[in-house]
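Structure data follow from start-v6.cif (mmCIF, N, CA and C atoms and all ligand atoms):
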data_structure
#
loop_
_atom_site.label_atom_id
_atom_site.label_comp_id
_atom_site.auth_asym_id
_atom_site.auth_seq_id
_atom_site.Cartn_x
_atom_site.Cartn_y
_atom_site.Cartn_z
N MET C 101 4.47 42.55 -15.08
CA MET C 101 5.19 41.34 -15.50
C MET C 101 4.21 40.31 -16.04
N VAL C 102 4.55 39.78 -17.18
CA VAL C 102 3.72 38.73 -17.77
C VAL C 102 4.28 37.38 -17.32
N ILE C 103 3.43 36.62 -16.69
CA ILE C 103 3.85 35.30 -16.22
C ILE C 103 3.15 34.23 -17.03
N ALA C 104 3.94 33.42 -17.69
CA ALA C 104 3.36 32.32 -18.44
C ALA C 104 2.75 31.34 -17.46
N LEU C 105 1.49 30.98 -17.72
CA LEU C 105 0.82 30.07 -16.80
C LEU C 105 1.22 28.63 -17.13
N THR C 106 2.45 28.32 -16.74
CA THR C 106 2.89 26.94 -16.94
C THR C 106 2.26 26.07 -15.87
N GLU C 107 2.46 24.79 -15.99
CA GLU C 107 1.93 23.84 -14.99
C GLU C 107 2.49 24.18 -13.62
N GLY C 108 3.78 24.54 -13.57
CA GLY C 108 4.41 24.85 -12.29
C GLY C 108 3.85 26.11 -11.67
N VAL C 109 3.60 27.14 -12.49
CA VAL C 109 3.04 28.38 -11.97
C VAL C 109 1.63 28.14 -11.44
N ARG C 110 0.85 27.40 -12.21
CA ARG C 110 -0.51 27.11 -11.75
C ARG C 110 -0.49 26.29 -10.47
N PHE C 111 0.49 25.40 -10.36
CA PHE C 111 0.62 24.60 -9.14
C PHE C 111 0.88 25.51 -7.95
N LEU C 112 1.81 26.48 -8.12
CA LEU C 112 2.13 27.38 -7.01
C LEU C 112 0.95 28.30 -6.70
N GLN C 113 0.19 28.64 -7.72
CA GLN C 113 -0.98 29.49 -7.47
C GLN C 113 -2.03 28.73 -6.65
N SER C 114 -2.23 27.46 -6.98
CA SER C 114 -3.23 26.72 -6.19
C SER C 114 -2.70 26.44 -4.79
N LEU C 115 -1.38 26.30 -4.66
CA LEU C 115 -0.81 26.16 -3.32
C LEU C 115 -1.08 27.43 -2.51
N GLY C 116 -0.91 28.58 -3.16
CA GLY C 116 -1.16 29.84 -2.49
C GLY C 116 -2.62 30.05 -2.15
N ASP C 117 -3.51 29.50 -3.01
CA ASP C 117 -4.93 29.58 -2.71
C ASP C 117 -5.27 28.77 -1.46
N ALA C 118 -4.64 27.60 -1.35
CA ALA C 118 -4.92 26.72 -0.22
C ALA C 118 -4.21 27.18 1.04
N HIS C 119 -3.02 27.73 0.86
CA HIS C 119 -2.23 28.21 2.00
C HIS C 119 -1.82 29.65 1.72
N PRO C 120 -2.65 30.60 2.12
CA PRO C 120 -2.38 32.00 1.77
C PRO C 120 -0.99 32.49 2.21
N THR C 121 -0.43 31.91 3.28
CA THR C 121 0.91 32.34 3.69
C THR C 121 1.96 31.92 2.69
N LEU C 122 1.64 30.96 1.83
CA LEU C 122 2.62 30.47 0.85
C LEU C 122 2.41 31.09 -0.53
N MET C 123 1.57 32.10 -0.59
CA MET C 123 1.25 32.72 -1.88
C MET C 123 2.48 33.40 -2.47
N LEU C 124 2.78 33.07 -3.71
CA LEU C 124 3.87 33.75 -4.42
C LEU C 124 3.26 34.60 -5.52
N THR C 125 3.89 35.73 -5.78
CA THR C 125 3.44 36.58 -6.88
C THR C 125 4.67 37.11 -7.59
N GLY C 126 4.43 37.67 -8.78
CA GLY C 126 5.50 38.35 -9.49
C GLY C 126 6.66 37.44 -9.87
N LYS C 127 7.86 38.00 -9.72
CA LYS C 127 9.05 37.27 -10.17
C LYS C 127 9.26 35.95 -9.43
N PRO C 128 9.10 35.93 -8.09
CA PRO C 128 9.28 34.63 -7.41
C PRO C 128 8.33 33.57 -7.96
N LEU C 129 7.09 33.97 -8.27
CA LEU C 129 6.13 33.01 -8.82
C LEU C 129 6.63 32.46 -10.15
N ARG C 130 7.11 33.38 -10.99
CA ARG C 130 7.59 32.93 -12.30
C ARG C 130 8.82 32.04 -12.15
N ASP C 131 9.77 32.49 -11.31
CA ASP C 131 11.02 31.73 -11.15
C ASP C 131 10.78 30.35 -10.54
N GLN C 132 10.01 30.34 -9.45
CA GLN C 132 9.79 29.05 -8.78
C GLN C 132 8.85 28.16 -9.59
N GLY C 133 7.97 28.80 -10.38
CA GLY C 133 7.13 28.02 -11.28
C GLY C 133 7.97 27.23 -12.27
N LEU C 134 9.07 27.85 -12.72
CA LEU C 134 9.97 27.15 -13.65
C LEU C 134 10.63 25.96 -12.96
N VAL C 135 10.98 26.15 -11.67
CA VAL C 135 11.59 25.04 -10.93
C VAL C 135 10.58 23.90 -10.77
N VAL C 136 9.33 24.28 -10.46
CA VAL C 136 8.30 23.24 -10.33
C VAL C 136 8.12 22.51 -11.66
N ASP C 137 8.13 23.27 -12.76
CA ASP C 137 8.03 22.63 -14.07
C ASP C 137 9.16 21.61 -14.24
N GLU C 138 10.36 22.01 -13.82
CA GLU C 138 11.51 21.13 -13.96
C GLU C 138 11.31 19.87 -13.09
N LEU C 139 10.80 20.07 -11.88
CA LEU C 139 10.57 18.92 -10.98
C LEU C 139 9.53 17.96 -11.58
N PHE C 140 8.47 18.55 -12.17
CA PHE C 140 7.46 17.69 -12.81
C PHE C 140 8.11 16.90 -13.94
N ARG C 141 9.00 17.58 -14.68
CA ARG C 141 9.65 16.92 -15.80
C ARG C 141 10.53 15.77 -15.29
N LEU C 142 11.09 15.96 -14.08
CA LEU C 142 11.94 14.92 -13.50
C LEU C 142 11.13 13.76 -12.95
N GLY C 143 9.82 13.93 -12.88
CA GLY C 143 8.99 12.82 -12.42
C GLY C 143 8.37 13.02 -11.05
N TRP C 144 8.54 14.23 -10.50
CA TRP C 144 7.90 14.49 -9.20
C TRP C 144 6.40 14.52 -9.37
N LYS C 145 5.71 13.92 -8.42
CA LYS C 145 4.25 13.95 -8.45
C LYS C 145 3.78 15.20 -7.72
N ASP C 146 2.69 15.80 -8.22
CA ASP C 146 2.26 17.06 -7.63
C ASP C 146 1.87 16.90 -6.15
N GLU C 147 1.27 15.73 -5.79
CA GLU C 147 0.87 15.61 -4.39
C GLU C 147 2.08 15.50 -3.46
N VAL C 148 3.17 14.91 -3.96
CA VAL C 148 4.39 14.80 -3.16
C VAL C 148 5.01 16.18 -2.99
N LEU C 149 5.06 16.91 -4.10
CA LEU C 149 5.61 18.26 -4.08
C LEU C 149 4.76 19.18 -3.19
N TRP C 150 3.48 18.97 -3.28
CA TRP C 150 2.54 19.78 -2.47
C TRP C 150 2.84 19.58 -0.98
N GLU C 151 2.97 18.32 -0.56
CA GLU C 151 3.26 18.04 0.85
C GLU C 151 4.58 18.68 1.26
N LEU C 152 5.55 18.61 0.36
CA LEU C 152 6.87 19.16 0.65
C LEU C 152 6.80 20.67 0.87
N LEU C 153 6.04 21.34 -0.01
CA LEU C 153 5.99 22.81 0.06
C LEU C 153 5.04 23.30 1.14
N ALA C 154 4.02 22.50 1.45
CA ALA C 154 2.99 22.96 2.38
C ALA C 154 3.37 22.72 3.83
N ARG C 155 4.59 22.21 4.06
CA ARG C 155 5.02 22.04 5.45
C ARG C 155 4.96 23.38 6.17
N PRO C 156 4.77 23.36 7.50
CA PRO C 156 4.70 24.63 8.22
C PRO C 156 5.96 25.47 7.99
N LEU C 157 5.76 26.73 7.93
CA LEU C 157 6.91 27.65 7.76
C LEU C 157 7.69 27.71 9.06
N PRO C 158 9.01 27.93 8.95
CA PRO C 158 9.80 28.04 10.18
C PRO C 158 9.35 29.24 11.01
N THR C 159 9.40 29.08 12.32
CA THR C 159 9.06 30.21 13.20
C THR C 159 10.23 30.48 14.13
N PRO C 160 10.67 31.68 14.34
CA PRO C 160 10.17 32.85 13.59
C PRO C 160 10.65 32.82 12.16
N LEU C 161 9.83 33.35 11.27
CA LEU C 161 10.16 33.38 9.85
C LEU C 161 11.19 34.48 9.59
N ARG C 162 12.43 34.08 9.38
CA ARG C 162 13.51 35.06 9.19
C ARG C 162 13.68 35.42 7.72
N LYS C 163 13.12 34.60 6.86
CA LYS C 163 13.31 34.86 5.44
C LYS C 163 11.96 35.12 4.79
N ASP C 164 12.03 35.63 3.61
CA ASP C 164 10.84 35.82 2.81
C ASP C 164 10.25 34.45 2.49
N VAL C 165 8.91 34.38 2.44
CA VAL C 165 8.27 33.10 2.12
C VAL C 165 8.79 32.56 0.78
N SER C 166 8.97 33.47 -0.17
CA SER C 166 9.43 32.98 -1.47
C SER C 166 10.82 32.36 -1.35
N ALA C 167 11.65 32.87 -0.42
CA ALA C 167 12.97 32.30 -0.22
C ALA C 167 12.87 30.91 0.40
N VAL C 168 11.91 30.77 1.34
CA VAL C 168 11.71 29.45 1.97
C VAL C 168 11.28 28.43 0.91
N LEU C 169 10.31 28.84 0.09
CA LEU C 169 9.83 27.92 -0.95
C LEU C 169 10.93 27.64 -1.96
N ALA C 170 11.71 28.66 -2.29
CA ALA C 170 12.81 28.46 -3.25
C ALA C 170 13.81 27.45 -2.70
N LYS C 171 14.07 27.54 -1.38
CA LYS C 171 14.99 26.60 -0.76
C LYS C 171 14.41 25.18 -0.81
N ARG C 172 13.14 25.04 -0.49
CA ARG C 172 12.51 23.71 -0.52
C ARG C 172 12.54 23.13 -1.93
N LEU C 173 12.31 24.00 -2.91
CA LEU C 173 12.30 23.52 -4.29
C LEU C 173 13.71 23.15 -4.76
N SER C 174 14.71 23.95 -4.34
CA SER C 174 16.07 23.62 -4.78
C SER C 174 16.56 22.36 -4.07
N ASP C 175 16.11 22.15 -2.82
CA ASP C 175 16.42 20.90 -2.14
C ASP C 175 15.81 19.72 -2.89
N ALA C 176 14.56 19.92 -3.34
CA ALA C 176 13.88 18.84 -4.07
C ALA C 176 14.62 18.52 -5.36
N LEU C 177 15.15 19.56 -6.01
CA LEU C 177 15.85 19.37 -7.29
C LEU C 177 17.04 18.44 -7.14
N VAL C 178 17.72 18.49 -5.99
CA VAL C 178 18.91 17.66 -5.80
C VAL C 178 18.59 16.37 -5.06
N SER C 179 17.31 16.15 -4.74
CA SER C 179 16.92 14.92 -4.06
C SER C 179 16.50 13.89 -5.10
N PRO C 180 16.61 12.63 -4.73
CA PRO C 180 16.09 11.60 -5.64
C PRO C 180 14.60 11.77 -5.82
N VAL C 181 14.15 11.54 -7.03
CA VAL C 181 12.72 11.67 -7.30
C VAL C 181 11.97 10.58 -6.53
N PRO C 182 11.01 10.98 -5.69
CA PRO C 182 10.24 9.95 -4.99
C PRO C 182 9.52 9.06 -5.98
N GLY C 183 9.42 7.82 -5.63
CA GLY C 183 8.73 6.89 -6.51
C GLY C 183 7.28 7.27 -6.63
N PRO C 184 6.60 6.67 -7.60
CA PRO C 184 5.17 6.96 -7.73
C PRO C 184 4.45 6.64 -6.42
N ARG C 185 3.45 7.43 -6.14
CA ARG C 185 2.70 7.27 -4.90
C ARG C 185 2.21 5.83 -4.74
N ARG C 186 1.80 5.26 -5.83
CA ARG C 186 1.26 3.90 -5.81
C ARG C 186 2.30 2.93 -5.22
N ALA C 187 3.52 3.00 -5.71
CA ALA C 187 4.55 2.07 -5.24
C ALA C 187 4.88 2.36 -3.78
N TRP C 188 4.84 3.65 -3.44
CA TRP C 188 5.15 4.01 -2.07
C TRP C 188 4.13 3.38 -1.12
N GLU C 189 2.88 3.38 -1.52
CA GLU C 189 1.84 2.77 -0.69
C GLU C 189 2.03 1.27 -0.59
N ASP C 190 2.40 0.66 -1.72
CA ASP C 190 2.59 -0.79 -1.72
C ASP C 190 3.70 -1.17 -0.76
N ALA C 191 4.76 -0.34 -0.73
CA ALA C 191 5.93 -0.68 0.09
C ALA C 191 5.58 -0.64 1.57
N ARG C 192 4.56 0.16 1.91
CA ARG C 192 4.20 0.28 3.32
C ARG C 192 3.32 -0.88 3.78
N GLU C 193 2.77 -1.60 2.84
CA GLU C 193 1.89 -2.69 3.24
C GLU C 193 2.73 -3.86 3.77
N ALA C 194 2.18 -4.56 4.70
CA ALA C 194 2.86 -5.72 5.26
C ALA C 194 3.05 -6.76 4.17
N PRO C 195 4.11 -7.54 4.27
CA PRO C 195 4.26 -8.61 3.28
C PRO C 195 3.05 -9.53 3.33
N PRO C 196 2.74 -10.11 2.21
CA PRO C 196 1.53 -10.95 2.18
C PRO C 196 1.63 -12.07 3.20
N ALA C 197 0.57 -12.26 3.93
CA ALA C 197 0.54 -13.31 4.95
C ALA C 197 0.53 -14.66 4.25
N PRO C 198 1.10 -15.68 4.92
CA PRO C 198 1.03 -17.01 4.32
C PRO C 198 -0.42 -17.38 4.06
N ARG C 199 -0.61 -18.03 2.96
CA ARG C 199 -1.98 -18.38 2.60
C ARG C 199 -2.60 -19.26 3.69
N ARG C 200 -3.71 -18.82 4.16
CA ARG C 200 -4.37 -19.59 5.21
C ARG C 200 -5.07 -20.79 4.59
N HIS C 201 -5.14 -21.83 5.40
CA HIS C 201 -5.87 -23.00 4.92
C HIS C 201 -7.35 -22.65 4.82
N VAL C 202 -7.91 -22.91 3.69
CA VAL C 202 -9.33 -22.65 3.51
C VAL C 202 -10.05 -23.99 3.47
N ALA C 203 -11.00 -24.12 4.35
CA ALA C 203 -11.74 -25.38 4.40
C ALA C 203 -12.34 -25.68 3.05
N GLY C 204 -12.17 -26.88 2.60
CA GLY C 204 -12.74 -27.27 1.33
C GLY C 204 -11.81 -27.03 0.16
N ALA C 205 -10.72 -26.26 0.38
CA ALA C 205 -9.80 -25.95 -0.71
C ALA C 205 -8.59 -26.88 -0.70
N ASP C 206 -8.52 -27.76 0.24
CA ASP C 206 -7.37 -28.66 0.34
C ASP C 206 -7.32 -29.54 -0.89
N PRO C 207 -6.23 -29.44 -1.66
CA PRO C 207 -6.17 -30.22 -2.89
C PRO C 207 -5.99 -31.72 -2.62
N VAL C 208 -5.49 -32.05 -1.42
CA VAL C 208 -5.32 -33.48 -1.09
C VAL C 208 -6.67 -34.04 -0.65
N ILE C 209 -7.16 -34.95 -1.42
CA ILE C 209 -8.46 -35.53 -1.07
C ILE C 209 -8.25 -36.55 0.05
N ARG C 210 -8.94 -36.29 1.12
CA ARG C 210 -8.81 -37.19 2.27
C ARG C 210 -9.30 -38.58 1.86
N ARG C 211 -8.44 -39.54 2.14
CA ARG C 211 -8.81 -40.89 1.76
C ARG C 211 -9.91 -41.39 2.69
N ALA C 212 -10.89 -41.99 2.10
CA ALA C 212 -12.01 -42.49 2.90
C ALA C 212 -11.68 -43.90 3.39
N TYR C 213 -11.84 -44.09 4.68
CA TYR C 213 -11.65 -45.44 5.24
C TYR C 213 -13.02 -45.99 5.58
N GLU C 214 -13.14 -47.27 5.40
CA GLU C 214 -14.43 -47.90 5.71
C GLU C 214 -14.22 -48.97 6.77
N CYS C 215 -15.20 -49.08 7.57
CA CYS C 215 -15.16 -50.14 8.58
C CYS C 215 -15.08 -51.50 7.89
N GLN C 216 -14.14 -52.33 8.34
CA GLN C 216 -13.99 -53.65 7.74
C GLN C 216 -14.67 -54.74 8.58
N GLY C 217 -15.50 -54.28 9.50
CA GLY C 217 -16.21 -55.25 10.34
C GLY C 217 -17.28 -56.00 9.55
N ASP C 218 -17.96 -56.85 10.23
CA ASP C 218 -19.02 -57.65 9.61
C ASP C 218 -18.46 -58.39 8.39
N ARG C 219 -17.26 -58.95 8.58
CA ARG C 219 -16.54 -59.69 7.53
C ARG C 219 -16.33 -58.83 6.29
N GLY C 220 -16.02 -57.55 6.52
CA GLY C 220 -15.71 -56.66 5.40
C GLY C 220 -16.93 -56.12 4.68
N MET C 221 -18.07 -56.41 5.17
CA MET C 221 -19.28 -55.98 4.49
C MET C 221 -19.89 -54.73 5.08
N CYS C 222 -19.32 -54.18 6.20
CA CYS C 222 -19.97 -53.06 6.88
C CYS C 222 -19.91 -51.79 6.04
N GLY C 223 -18.70 -51.28 5.83
CA GLY C 223 -18.57 -50.11 4.95
C GLY C 223 -18.92 -48.79 5.58
N VAL C 224 -19.15 -48.73 6.88
CA VAL C 224 -19.43 -47.44 7.53
C VAL C 224 -18.14 -46.62 7.55
N PRO C 225 -18.19 -45.34 7.18
CA PRO C 225 -16.98 -44.52 7.20
C PRO C 225 -16.37 -44.45 8.60
N VAL C 226 -15.04 -44.60 8.67
CA VAL C 226 -14.34 -44.47 9.93
C VAL C 226 -13.16 -43.53 9.74
N ALA C 227 -12.55 -43.08 10.86
CA ALA C 227 -11.53 -42.04 10.80
C ALA C 227 -10.19 -42.55 10.28
N ALA C 228 -9.84 -43.80 10.54
CA ALA C 228 -8.52 -44.29 10.16
C ALA C 228 -8.59 -45.74 9.71
N GLU C 229 -7.56 -46.09 8.96
CA GLU C 229 -7.52 -47.45 8.45
C GLU C 229 -7.46 -48.45 9.61
N GLY C 230 -8.23 -49.49 9.51
CA GLY C 230 -8.21 -50.53 10.53
C GLY C 230 -9.21 -50.32 11.66
N GLU C 231 -9.79 -49.15 11.69
CA GLU C 231 -10.79 -48.92 12.74
C GLU C 231 -12.11 -49.58 12.34
N VAL C 232 -12.89 -49.82 13.32
CA VAL C 232 -14.23 -50.33 13.03
C VAL C 232 -15.25 -49.39 13.66
N CYS C 233 -16.38 -49.39 13.10
CA CYS C 233 -17.43 -48.51 13.60
C CYS C 233 -17.90 -48.99 14.97
N PRO C 234 -18.58 -48.16 15.73
CA PRO C 234 -19.00 -48.56 17.08
C PRO C 234 -19.87 -49.82 17.07
N ARG C 235 -20.67 -49.91 16.05
CA ARG C 235 -21.56 -51.07 16.01
C ARG C 235 -20.74 -52.36 15.88
N CYS C 236 -19.76 -52.34 14.94
CA CYS C 236 -18.95 -53.54 14.73
C CYS C 236 -18.05 -53.80 15.93
N ALA C 237 -17.61 -52.70 16.59
CA ALA C 237 -16.77 -52.87 17.77
C ALA C 237 -17.54 -53.65 18.84
N ARG C 238 -18.80 -53.29 18.98
CA ARG C 238 -19.61 -54.01 19.99
C ARG C 238 -19.83 -55.46 19.54
N MET C 239 -20.07 -55.63 18.25
CA MET C 239 -20.38 -56.98 17.77
C MET C 239 -19.17 -57.90 17.88
N SER C 240 -17.94 -57.31 17.71
CA SER C 240 -16.75 -58.15 17.69
C SER C 240 -16.29 -58.52 19.09
N GLU C 241 -16.80 -57.80 20.09
CA GLU C 241 -16.32 -58.05 21.45
C GLU C 241 -16.51 -59.51 21.91
N PRO C 242 -17.69 -60.07 21.73
CA PRO C 242 -17.87 -61.44 22.26
C PRO C 242 -16.92 -62.43 21.58
N ALA C 243 -16.45 -62.12 20.33
CA ALA C 243 -15.60 -63.08 19.63
C ALA C 243 -14.17 -63.07 20.17
N ARG C 244 -13.78 -62.04 20.90
CA ARG C 244 -12.40 -61.99 21.38
C ARG C 244 -12.13 -62.98 22.49
ZN ZN A 301 -18.83 -51.56 10.99
#

What is this file in structure tokens?
Amino acid sequence: MVIALTEGVRFLQSLGDAHPTLMLTGKPLRDQGLVVDELFRLGWKDEVLWELLARPLPTPLRKDVSAVLAKRLSDALVSPVPGPRRAWEDAREAPPAPRRHVAGADPVIRRAYECQGDRGMCGVPVAAEGEVCPRCARMSEPAR
């Protein structure tokens, strides 16, 4: 039998190389290779299909391996095409965390307050409006 080495046939051959129990030859290889070609045309990614086909075989194995693979492939044909692997990975990632405050990145410029002691001439930075620096606080005490 002459088997055209389509993408699907080559895919099944490499699957058989990696998993000798899943090796197909002859007519099953040609037939299922056509199904794989069809799945690729539908947008199935080879790594997704590989995982699907490389699942452990049922035990005890009551059917021919080619029948098991044929069943898996025909199930895949009627299943929705899995999204691209990339999107699948993105969907598994947690939603982006709220942006953390980064020191120095605050767009609101903190208003600088200056000590108004010493008749407004001090100018030492203070934490809040109306505060006076420790030096002016001490100096103003006797005046109270
Ligand atoms: Zn002051």

* All residues having an atom within 7 Å of ligand ZN 301 (chain A) (only N, CA and C atoms and all ligand atoms) as a ChimeraX atom specification -> /C:214-218,221-224,232-237

* To do: Apply DSSP to the structure's backbone, then extract all residues of segment 144-191 of chain C labelled helix (DSSP H, G or I) and return them as a VMD selection string.
  => chain C and resid 146 to 153 165 to 177 185 to 191

Can you write just those residues out, N, CA and C atoms, as an mmCIF file, in the frame of the given file?
data_model
loop_
_atom_site.group_PDB
_atom_site.id
_atom_site.type_symbol
_atom_site.label_atom_id
_atom_site.label_comp_id
_atom_site.auth_asym_id
_atom_site.auth_seq_id
_atom_site.Cartn_x
_atom_site.Cartn_y
_atom_site.Cartn_z
ATOM 1 N N ASP C 146 2.690 15.800 -8.220
ATOM 2 C CA ASP C 146 2.260 17.060 -7.630
ATOM 3 C C ASP C 146 1.870 16.900 -6.150
ATOM 4 N N GLU C 147 1.270 15.730 -5.790
ATOM 5 C CA GLU C 147 0.870 15.610 -4.390
ATOM 6 C C GLU C 147 2.080 15.500 -3.460
ATOM 7 N N VAL C 148 3.170 14.910 -3.960
ATOM 8 C CA VAL C 148 4.390 14.800 -3.160
ATOM 9 C C VAL C 148 5.010 16.180 -2.990
ATOM 10 N N LEU C 149 5.060 16.910 -4.100
ATOM 11 C CA LEU C 149 5.610 18.260 -4.080
ATOM 12 C C LEU C 149 4.760 19.180 -3.190
ATOM 13 N N TRP C 150 3.480 18.970 -3.280
ATOM 14 C CA TRP C 150 2.540 19.780 -2.470
ATOM 15 C C TRP C 150 2.840 19.580 -0.980
ATOM 16 N N GLU C 151 2.970 18.320 -0.560
ATOM 17 C CA GLU C 151 3.260 18.040 0.850
ATOM 18 C C GLU C 151 4.580 18.680 1.260
ATOM 19 N N LEU C 152 5.550 18.610 0.360
ATOM 20 C CA LEU C 152 6.870 19.160 0.650
ATOM 21 C C LEU C 152 6.800 20.670 0.870
ATOM 22 N N LEU C 153 6.040 21.340 -0.010
ATOM 23 C CA LEU C 153 5.990 22.810 0.060
ATOM 24 C C LEU C 153 5.040 23.300 1.140
ATOM 25 N N VAL C 165 8.910 34.380 2.440
ATOM 26 C CA VAL C 165 8.270 33.100 2.120
ATOM 27 C C VAL C 165 8.790 32.560 0.780
ATOM 28 N N SER C 166 8.970 33.470 -0.170
ATOM 29 C CA SER C 166 9.430 32.980 -1.470
ATOM 30 C C SER C 166 10.820 32.360 -1.350
ATOM 31 N N ALA C 167 11.650 32.870 -0.420
ATOM 32 C CA ALA C 167 12.970 32.300 -0.220
ATOM 33 C C ALA C 167 12.870 30.910 0.400
ATOM 34 N N VAL C 168 11.910 30.770 1.340
ATOM 35 C CA VAL C 168 11.710 29.450 1.970
ATOM 36 C C VAL C 168 11.280 28.430 0.910
ATOM 37 N N LEU C 169 10.310 28.840 0.090
ATOM 38 C CA LEU C 169 9.830 27.920 -0.950
ATOM 39 C C LEU C 169 10.930 27.640 -1.960
ATOM 40 N N ALA C 170 11.710 28.660 -2.290
ATOM 41 C CA ALA C 170 12.810 28.460 -3.250
ATOM 42 C C ALA C 170 13.810 27.450 -2.700
ATOM 43 N N LYS C 171 14.070 27.540 -1.380
ATOM 44 C CA LYS C 171 14.990 26.600 -0.760
ATOM 45 C C LYS C 171 14.410 25.180 -0.810
ATOM 46 N N ARG C 172 13.140 25.040 -0.490
ATOM 47 C CA ARG C 172 12.510 23.710 -0.520
ATOM 48 C C ARG C 172 12.540 23.130 -1.930
ATOM 49 N N LEU C 173 12.310 24.000 -2.910
ATOM 50 C CA LEU C 173 12.300 23.520 -4.290
ATOM 51 C C LEU C 173 13.710 23.150 -4.760
ATOM 52 N N SER C 174 14.710 23.950 -4.340
ATOM 53 C CA SER C 174 16.070 23.620 -4.780
ATOM 54 C C SER C 174 16.560 22.360 -4.070
ATOM 55 N N ASP C 175 16.110 22.150 -2.820
ATOM 56 C CA ASP C 175 16.420 20.900 -2.140
ATOM 57 C C ASP C 175 15.810 19.720 -2.890
ATOM 58 N N ALA C 176 14.560 19.920 -3.340
ATOM 59 C CA ALA C 176 13.880 18.840 -4.070
ATOM 60 C C ALA C 176 14.620 18.520 -5.360
ATOM 61 N N LEU C 177 15.150 19.560 -6.010
ATOM 62 C CA LEU C 177 15.850 19.370 -7.290
ATOM 63 C C LEU C 177 17.040 18.440 -7.140
ATOM 64 N N ARG C 185 3.450 7.430 -6.140
ATOM 65 C CA ARG C 185 2.700 7.270 -4.900
ATOM 66 C C ARG C 185 2.210 5.830 -4.740
ATOM 67 N N ARG C 186 1.800 5.260 -5.830
ATOM 68 C CA ARG C 186 1.260 3.900 -5.810
ATOM 69 C C ARG C 186 2.300 2.930 -5.220
ATOM 70 N N ALA C 187 3.520 3.000 -5.710
ATOM 71 C CA ALA C 187 4.550 2.070 -5.240
ATOM 72 C C ALA C 187 4.880 2.360 -3.780
ATOM 73 N N TRP C 188 4.840 3.650 -3.440
ATOM 74 C CA TRP C 188 5.150 4.010 -2.070
ATOM 75 C C TRP C 188 4.130 3.380 -1.120
ATOM 76 N N GLU C 189 2.880 3.380 -1.520
ATOM 77 C CA GLU C 189 1.840 2.770 -0.690
ATOM 78 C C GLU C 189 2.030 1.270 -0.590
ATOM 79 N N ASP C 190 2.400 0.660 -1.720
ATOM 80 C CA ASP C 190 2.590 -0.790 -1.720
ATOM 81 C C ASP C 190 3.700 -1.170 -0.760
ATOM 82 N N ALA C 191 4.760 -0.340 -0.730
ATOM 83 C CA ALA C 191 5.930 -0.680 0.090
ATOM 84 C C ALA C 191 5.580 -0.640 1.570
#

Can you tell me, as a PDB file with N, CA and C atoms, keeping the file's coordinate frame, what residues are no more than 8 Å from Phe140 of chain C when counting all atoms listed in the file, ignoring any on the same chain fewer than 6 positions away?
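result-v5.pdb was written with the following content:
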ATOM      1  N   GLY C 108       3.780  24.540 -13.570  1.00  0.00           N
ATOM      2  CA  GLY C 108       4.410  24.850 -12.290  1.00  0.00           C
ATOM      3  C   GLY C 108       3.850  26.110 -11.670  1.00  0.00           C
ATOM      4  N   LEU C 134       9.070  27.850 -12.720  1.00  0.00           N
ATOM      5  CA  LEU C 134       9.970  27.150 -13.650  1.00  0.00           C
ATOM      6  C   LEU C 134      10.630  25.960 -12.960  1.00  0.00           C
ATOM      7  N   ASP C 146       2.690  15.800  -8.220  1.00  0.00           N
ATOM      8  CA  ASP C 146       2.260  17.060  -7.630  1.00  0.00           C
ATOM      9  C   ASP C 146       1.870  16.900  -6.150  1.00  0.00           C
TER      10      ASP C 146
END

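Atom pair atom CA of Glu229 of chain C / atom CA of Tyr213 of chain C: separated by 5.6 Å.
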
* **Pairwise distance for atom N of Leu152 of chain C and atom CA of Glu107 of chain C, rounded to one decimal in Å** =>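 Atom CA of Glu107 of chain C lies at a distance of 16.6 Å from atom N of Leu152 of chain C.
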
Give me, as a Markdown table, the closest atom pair and its distance (Å, one decimal) for every residue of segment 113-149 of chain C within a cut-off of 7 Å of segment 164-168 of chain C, counting all atoms listed in the file, rows sorted by chain and rising number.
| residue | atom | partner | partner_atom | distance |
| --- | --- | --- | --- | --- |
| C:Thr121 | C | C:Val165 | CA | 6.4 |
| C:Leu122 | CA | C:Val165 | CA | 6.4 |
| C:Met123 | C | C:Ser166 | N | 6.9 |
| C:Leu124 | CA | C:Ser166 | CA | 6.3 |
| C:Pro128 | CA | C:Ser166 | CA | 6.2 |

Using only N, CA and C atoms, please write the residues we just selected to a file, as a PDB file, in the frame of the given file.
ATOM      1  N   THR C 121      -0.430  31.910   3.280  1.00  0.00           N
ATOM      2  CA  THR C 121       0.910  32.340   3.690  1.00  0.00           C
ATOM      3  C   THR C 121       1.960  31.920   2.690  1.00  0.00           C
ATOM      4  N   LEU C 122       1.640  30.960   1.830  1.00  0.00           N
ATOM      5  CA  LEU C 122       2.620  30.470   0.850  1.00  0.00           C
ATOM      6  C   LEU C 122       2.410  31.090  -0.530  1.00  0.00           C
ATOM      7  N   MET C 123       1.570  32.100  -0.590  1.00  0.00           N
ATOM      8  CA  MET C 123       1.250  32.720  -1.880  1.00  0.00           C
ATOM      9  C   MET C 123       2.480  33.400  -2.470  1.00  0.00           C
ATOM     10  N   LEU C 124       2.780  33.070  -3.710  1.00  0.00           N
ATOM     11  CA  LEU C 124       3.870  33.750  -4.420  1.00  0.00           C
ATOM     12  C   LEU C 124       3.260  34.600  -5.520  1.00  0.00           C
ATOM     13  N   PRO C 128       9.100  35.930  -8.090  1.00  0.00           N
ATOM     14  CA  PRO C 128       9.280  34.630  -7.410  1.00  0.00           C
ATOM     15  C   PRO C 128       8.330  33.570  -7.960  1.00  0.00           C
TER      16      PRO C 128
END
